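What's in entry.cif: mmCIF, C-alpha atoms
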```cif
data_data
#
loop_
_atom_site.group_PDB
_atom_site.id
_atom_site.type_symbol
_atom_site.label_atom_id
_atom_site.label_comp_id
_atom_site.auth_asym_id
_atom_site.auth_seq_id
_atom_site.Cartn_x
_atom_site.Cartn_y
_atom_site.Cartn_z
ATOM 1 C CA MET G 1286 1.161 4.916 -5.917
ATOM 2 C CA ALA G 1287 -2.556 4.983 -6.454
ATOM 3 C CA LEU G 1288 -5.455 3.594 -4.523
ATOM 4 C CA ARG G 1289 -7.499 1.205 -6.649
ATOM 5 C CA ASP G 1290 -11.145 0.210 -6.406
ATOM 6 C CA ILE G 1291 -11.771 -3.293 -5.105
ATOM 7 C CA ILE G 1292 -14.375 -5.133 -7.143
ATOM 8 C CA ILE G 1293 -17.216 -6.736 -5.189
ATOM 9 C CA ILE G 1294 -19.362 -9.787 -5.904
ATOM 10 C CA PRO G 1295 -21.421 -10.349 -8.023
ATOM 11 C CA ASP G 1296 -18.855 -8.728 -10.418
ATOM 12 C CA LYS G 1297 -18.160 -11.471 -12.987
ATOM 13 C CA ARG G 1298 -14.485 -10.509 -13.277
ATOM 14 C CA LEU G 1299 -13.913 -12.215 -9.905
ATOM 15 C CA ARG G 1300 -14.586 -15.541 -11.670
ATOM 16 C CA GLN G 1301 -11.962 -14.868 -14.334
ATOM 17 C CA VAL G 1302 -8.781 -16.973 -14.375
ATOM 18 C CA SER G 1303 -5.799 -14.615 -14.185
ATOM 19 C CA GLU G 1304 -2.995 -14.611 -16.763
ATOM 20 C CA PRO G 1305 0.610 -15.392 -15.806
ATOM 21 C CA VAL G 1306 3.024 -12.476 -15.581
ATOM 22 C CA LYS G 1307 5.506 -12.815 -18.456
ATOM 23 C CA ALA G 1308 8.090 -10.352 -17.114
ATOM 24 C CA VAL G 1309 8.495 -8.547 -13.807
ATOM 25 C CA ASP G 1310 8.842 -4.985 -15.083
ATOM 26 C CA ALA G 1311 8.121 -1.419 -13.960
ATOM 27 C CA GLU G 1312 4.418 -1.842 -14.749
ATOM 28 C CA VAL G 1313 4.179 -4.931 -12.493
ATOM 29 C CA ARG G 1314 6.097 -3.172 -9.690
ATOM 30 C CA ALA G 1315 3.764 -0.144 -9.931
ATOM 31 C CA LEU G 1316 0.738 -2.462 -9.754
ATOM 32 C CA VAL G 1317 2.206 -4.178 -6.663
ATOM 33 C CA ASP G 1318 2.703 -0.759 -4.995
ATOM 34 C CA ASP G 1319 -0.935 0.134 -5.774
ATOM 35 C CA MET G 1320 -2.112 -3.235 -4.460
ATOM 36 C CA PHE G 1321 -0.292 -2.766 -1.138
ATOM 37 C CA GLU G 1322 -1.712 0.734 -0.741
ATOM 38 C CA THR G 1323 -5.217 -0.541 -1.519
ATOM 39 C CA MET G 1324 -4.859 -3.590 0.753
ATOM 40 C CA TYR G 1325 -3.589 -1.576 3.733
ATOM 41 C CA LYS G 1326 -6.306 1.071 3.321
ATOM 42 C CA ALA G 1327 -9.109 -1.533 3.090
ATOM 43 C CA PRO G 1328 -7.729 -2.947 5.537
ATOM 44 C CA GLY G 1329 -6.930 -6.518 4.544
ATOM 45 C CA VAL G 1330 -4.175 -9.118 4.920
ATOM 46 C CA GLY G 1331 -4.152 -10.233 1.289
ATOM 47 C CA LEU G 1332 -5.126 -8.999 -2.149
ATOM 48 C CA ALA G 1333 -5.093 -10.646 -5.575
ATOM 49 C CA ALA G 1334 -4.658 -8.438 -8.649
ATOM 50 C CA ILE G 1335 -8.018 -9.598 -10.036
ATOM 51 C CA GLN G 1336 -9.674 -7.935 -7.023
ATOM 52 C CA VAL G 1337 -8.562 -4.575 -8.438
ATOM 53 C CA ALA G 1338 -9.746 -5.640 -11.910
ATOM 54 C CA VAL G 1339 -6.307 -6.672 -13.205
ATOM 55 C CA PRO G 1340 -6.357 -10.320 -14.386
ATOM 56 C CA ARG G 1341 -2.675 -11.053 -13.674
ATOM 57 C CA ARG G 1342 -1.278 -13.713 -11.337
ATOM 58 C CA ILE G 1343 -0.056 -11.363 -8.588
ATOM 59 C CA VAL G 1344 -0.788 -11.552 -4.851
ATOM 60 C CA THR G 1345 0.171 -9.184 -2.033
ATOM 61 C CA ILE G 1346 0.062 -10.388 1.587
ATOM 62 C CA ASP G 1347 0.901 -8.973 4.990
ATOM 63 C CA THR G 1348 -0.044 -11.133 7.965
ATOM 64 C CA ALA G 1349 1.586 -8.848 10.564
ATOM 65 C CA LYS G 1350 -0.687 -7.971 13.477
ATOM 66 C CA LYS G 1351 -1.792 -4.331 13.916
ATOM 67 C CA ASP G 1352 0.870 -3.566 16.553
ATOM 68 C CA GLU G 1353 3.707 -5.248 14.616
ATOM 69 C CA PRO G 1354 5.834 -3.681 11.863
ATOM 70 C CA LYS G 1355 4.511 -4.317 8.350
ATOM 71 C CA GLN G 1356 5.754 -7.481 6.640
ATOM 72 C CA PRO G 1357 4.745 -7.052 2.993
ATOM 73 C CA GLN G 1358 5.144 -10.143 0.815
ATOM 74 C CA VAL G 1359 4.657 -10.372 -2.961
ATOM 75 C CA PHE G 1360 3.901 -13.567 -4.849
ATOM 76 C CA ILE G 1361 4.034 -13.366 -8.652
ATOM 77 C CA ASN G 1362 2.751 -16.398 -10.598
ATOM 78 C CA PRO G 1363 2.299 -18.355 -7.342
ATOM 79 C CA GLU G 1364 1.534 -22.039 -7.632
ATOM 80 C CA ILE G 1365 0.818 -24.550 -4.905
ATOM 81 C CA LEU G 1366 3.253 -27.442 -5.328
ATOM 82 C CA TRP G 1367 2.063 -29.426 -2.329
ATOM 83 C CA SER G 1368 -0.544 -29.225 0.394
ATOM 84 C CA SER G 1369 -0.811 -31.253 3.583
ATOM 85 C CA ASP G 1370 -3.451 -33.861 4.312
ATOM 86 C CA ASP G 1371 -3.977 -32.204 7.703
ATOM 87 C CA LYS G 1372 -6.717 -29.585 7.658
ATOM 88 C CA ALA G 1373 -7.428 -26.524 9.791
ATOM 89 C CA THR G 1374 -10.457 -24.273 9.983
ATOM 90 C CA TYR G 1375 -10.135 -20.488 10.044
ATOM 91 C CA GLU G 1376 -12.737 -17.789 9.857
ATOM 92 C CA GLU G 1377 -12.172 -16.152 6.472
ATOM 93 C CA GLY G 1378 -13.338 -12.873 5.052
ATOM 94 C CA CYS G 1379 -12.693 -11.213 1.711
ATOM 95 C CA LEU G 1380 -12.355 -7.614 0.555
ATOM 96 C CA SER G 1381 -14.527 -8.551 -2.448
ATOM 97 C CA ILE G 1382 -17.271 -9.846 -0.117
ATOM 98 C CA PRO G 1383 -17.278 -7.071 2.514
ATOM 99 C CA GLU G 1384 -18.386 -7.761 6.067
ATOM 100 C CA TYR G 1385 -19.064 -11.465 5.487
ATOM 101 C CA TYR G 1386 -17.077 -14.075 7.393
ATOM 102 C CA GLU G 1387 -17.355 -17.838 7.415
ATOM 103 C CA GLU G 1388 -15.417 -20.832 8.710
ATOM 104 C CA VAL G 1389 -13.428 -22.510 5.911
ATOM 105 C CA GLU G 1390 -11.428 -25.724 6.135
ATOM 106 C CA ARG G 1391 -8.171 -25.865 4.163
ATOM 107 C CA PRO G 1392 -4.878 -27.773 4.286
ATOM 108 C CA THR G 1393 -2.740 -26.610 7.258
ATOM 109 C CA GLN G 1394 0.463 -26.446 5.191
ATOM 110 C CA VAL G 1395 1.345 -25.591 1.597
ATOM 111 C CA LYS G 1396 4.484 -25.329 -0.466
ATOM 112 C CA VAL G 1397 4.300 -22.492 -2.991
ATOM 113 C CA ARG G 1398 6.617 -21.565 -5.873
ATOM 114 C CA TYR G 1399 6.563 -17.919 -6.973
ATOM 115 C CA LEU G 1400 8.569 -15.044 -8.435
ATOM 116 C CA ASP G 1401 9.684 -12.014 -6.420
ATOM 117 C CA LEU G 1402 9.868 -8.393 -7.625
ATOM 118 C CA ASP G 1403 13.270 -9.121 -9.195
ATOM 119 C CA GLY G 1404 11.798 -11.997 -11.215
ATOM 120 C CA LYS G 1405 13.687 -14.591 -9.136
ATOM 121 C CA THR G 1406 12.028 -17.937 -8.379
ATOM 122 C CA HIS G 1407 11.453 -18.887 -4.734
ATOM 123 C CA GLU G 1408 9.686 -21.614 -2.809
ATOM 124 C CA ILE G 1409 8.072 -21.143 0.583
ATOM 125 C CA GLU G 1410 6.624 -23.684 2.982
ATOM 126 C CA ALA G 1411 3.822 -21.968 4.829
ATOM 127 C CA ASP G 1412 1.641 -23.174 7.655
ATOM 128 C CA GLY G 1413 -1.126 -21.802 9.832
ATOM 129 C CA PHE G 1414 -2.543 -18.396 8.972
ATOM 130 C CA LEU G 1415 -0.083 -17.657 6.129
ATOM 131 C CA ALA G 1416 -0.955 -20.994 4.472
ATOM 132 C CA THR G 1417 -4.648 -20.107 4.672
ATOM 133 C CA VAL G 1418 -4.104 -16.614 3.231
ATOM 134 C CA LEU G 1419 -1.944 -17.964 0.395
ATOM 135 C CA GLN G 1420 -4.584 -20.552 -0.537
ATOM 136 C CA HIS G 1421 -7.355 -17.918 -0.359
ATOM 137 C CA GLU G 1422 -5.467 -15.493 -2.628
ATOM 138 C CA ILE G 1423 -4.265 -18.155 -5.095
ATOM 139 C CA ASP G 1424 -7.907 -19.293 -5.338
ATOM 140 C CA HIS G 1425 -8.736 -15.746 -6.530
ATOM 141 C CA LEU G 1426 -6.230 -16.131 -9.365
ATOM 142 C CA ASN G 1427 -8.173 -19.204 -10.464
ATOM 143 C CA GLY G 1428 -11.597 -17.543 -10.272
ATOM 144 C CA VAL G 1429 -12.456 -19.263 -6.976
ATOM 145 C CA LEU G 1430 -13.894 -17.406 -3.970
ATOM 146 C CA PHE G 1431 -13.775 -18.536 -0.343
ATOM 147 C CA ILE G 1432 -17.556 -18.919 -0.395
ATOM 148 C CA ASP G 1433 -17.021 -21.767 -2.902
ATOM 149 C CA HIS G 1434 -15.658 -23.747 0.072
ATOM 150 C CA ILE G 1435 -18.847 -23.410 2.150
ATOM 151 C CA SER G 1436 -22.254 -25.057 1.782
ATOM 152 C CA LYS G 1437 -24.292 -24.286 -1.336
ATOM 153 C CA LEU G 1438 -27.120 -22.945 0.820
ATOM 154 C CA LYS G 1439 -24.874 -20.383 2.571
ATOM 155 C CA ARG G 1440 -23.127 -19.489 -0.696
ATOM 156 C CA ASP G 1441 -26.427 -18.917 -2.534
ATOM 157 C CA ARG G 1442 -27.638 -16.703 0.324
ATOM 158 C CA VAL G 1443 -24.491 -14.566 0.211
ATOM 159 C CA ILE G 1444 -24.567 -14.180 -3.576
ATOM 160 C CA LYS G 1445 -28.269 -13.235 -3.476
ATOM 161 C CA LYS G 1446 -27.611 -10.593 -0.794
ATOM 162 C CA TYR G 1447 -24.752 -8.941 -2.731
ATOM 163 C CA THR G 1448 -26.618 -9.173 -6.053
ATOM 164 C CA LYS G 1449 -29.559 -7.293 -4.498
ATOM 165 C CA ALA G 1450 -27.199 -4.685 -3.028
ATOM 166 C CA ALA G 1451 -25.511 -4.205 -6.436
ATOM 167 C CA LYS G 1452 -28.910 -3.712 -8.120
ATOM 168 C CA ARG G 1453 -29.879 -1.114 -5.494
ATOM 169 C CA ALA G 1454 -26.560 0.713 -6.033
ATOM 170 C CA ASP G 1455 -27.093 0.767 -9.811
ATOM 171 C CA ALA G 1456 -30.696 2.014 -9.502
#
```
Any chance you could put this one into structure tokens?
Amino acid sequence: MALRDIIIIPDKRLRQVSEPVKAVDAEVRALVDDMFETMYKAPGVGLAAIQVAVPRRIVTIDTAKKDEPKQPQVFINPEILWSSDDKATYEEGCLSIPEYYEEVERPTQVKVRYLDLDGKTHEIEADGFLATVLQHEIDHLNGVLFIDHISKLKRDRVIKKYTKAAKRADA
């Protein structure tokens, strides 16, 4: 297992649409191991492969609280089949937008089809926090960031702040 660097906005790769995984093989399993290690170290509750600069449709999630045993979940080629009309608002953050949090409204429930590490197809009906995390991470696979769900004014401010920080780091 290897820790990977998480890419940060304004890195253009975060806007890339990720490619489907054609076969769940040793390379994919190794990437998933790296993603979990990176996600836990960050620490975060979800990570999309594109966030570690790999444009593949893979998501790792663990919504267990700090004092609970880990509950790692892997979603390969996840797709939202259905989402509820009911909405809920959660404060979201993102490892690719460090230390920025904002209220985001999303459907309260989703039904997601995905492959597991054995390449088997599953469907899950998620609600509450897991539904929010799944939608957030699947958005990443489509080049969408959680700040795309907030007002243009707030989004522009955030992008400007991180663009300035990136320029300072490169200088």
*Could you tell me how far atom CA of Val1317 of chain G lies from atom CA of Thr1345 of chain G, in Å and to one decimal?*
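We find that atom CA of Val1317 of chain G and atom CA of Thr1345 of chain G lie 7.1 Å from each other.
The residues returned by the PyMOL selection byres ((chain G and resi 1331) around 6) for this structure are Gly1329, Val1330, Leu1332, Thr1345 and Ile1346 of chain G.
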*One-decimal distance in Å that lies between atom CA of Met1324 of chain G and atom CA of Thr1417 of chain G*: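 If I compute the distance from atom CA of Thr1417 of chain G to atom CA of Met1324 of chain G, I get 17.0 Å.
Note that the spacing between atom CA of Leu1400 of chain G and atom CA of Val1337 of chain G amounts to 20.1 Å.
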List every residue of segment 1286-1331 of chain G that has an atom at most 7 Å from any atom of segment 1369-1388 of chain G, and for each one report the closest atom pair and its distance in Å to one decimal, counting all atoms listed in the file, with rows sorted by chain and then by increasing residue number, as JSON lines.
```
{"residue": "G:Ile1291", "atom": "CA", "partner": "G:Ser1381", "partner_atom": "CA", "distance": 6.5}
{"residue": "G:Ile1292", "atom": "CA", "partner": "G:Ser1381", "partner_atom": "CA", "distance": 5.8}
{"residue": "G:Ile1293", "atom": "CA", "partner": "G:Ser1381", "partner_atom": "CA", "distance": 4.2}
{"residue": "G:Ile1294", "atom": "CA", "partner": "G:Ser1381", "partner_atom": "CA", "distance": 6.1}
{"residue": "G:Gly1329", "atom": "CA", "partner": "G:Leu1380", "partner_atom": "CA", "distance": 6.8}
```
*Which residues match the PyMOL selection byres ((chain G and resi 1297-1299) around 8) in the file above, as a list in words?*
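What the PyMOL selection byres ((chain G and resi 1297-1299) around 8) grabs from the file is Ile1292, Ile1293, Ile1294, Pro1295, Asp1296, Arg1300, Gln1301, Ile1335, Gln1336, Ala1338, His1425, Gly1428, Val1429 and Leu1430 of chain G.
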_Selection result of the PyMOL selection byres ((chain G and resi 1309) around 9) on this file, as a VMD selection string_ = chain G and resid 1306 to 1308 1310 to 1314 1361 1400 to 1404
Quick one: axis-aligned box around all listed atoms of segment 1342-1356 of chain G, 6 Å on every side, centre and edge lengths in Å to one decimal, written as lines of an AutoDock Vina configuration file.
```
center_x = 2.0
center_y = -8.6
center_z = 2.6
size_x = 19.6
size_y = 22.1
size_z = 39.9
```
_Who sits within 12 Å of Asn1427 of chain G, all atoms listed in the file, same chain under 6 positions skipped, as a PyMOL selection string_ = chain G and resi 1298-1305+1333-1336+1340-1343+1362-1365+1420-1421+1433
*asked:* Counting all atoms listed in the file, which residue out of G:Glu1390, G:Asp1352, G:Asp1290, G:Glu1322 sits closest to Ile1432 of chain G?
replied: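 Nearest candidate to Ile1432 of chain G out of G:Glu1390, G:Asp1352, G:Asp1290, G:Glu1322: G:Glu1390.
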*asked:* If we count only C-alpha atoms and set the cut-off at 9 Å, which residues sit around Asp1318 of chain G, ignoring sequence neighbours fewer than 5 positions away in its own chain? Please answer as a list in words.
replied: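 Surrounding residues, per the criterion: Met1286, Ala1287, Val1313 and Thr1323 of chain G.
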Could you take the residues named above and write them with C-alpha atoms, as a compact mmCIF listing (two decimals), in the coordinates of the input?
```txt
# COMPACT_ATOMS: atom_id res chain seq x y z
CA MET G 1286 1.16 4.92 -5.92
CA ALA G 1287 -2.56 4.98 -6.45
CA VAL G 1313 4.18 -4.93 -12.49
CA THR G 1323 -5.22 -0.54 -1.52
```
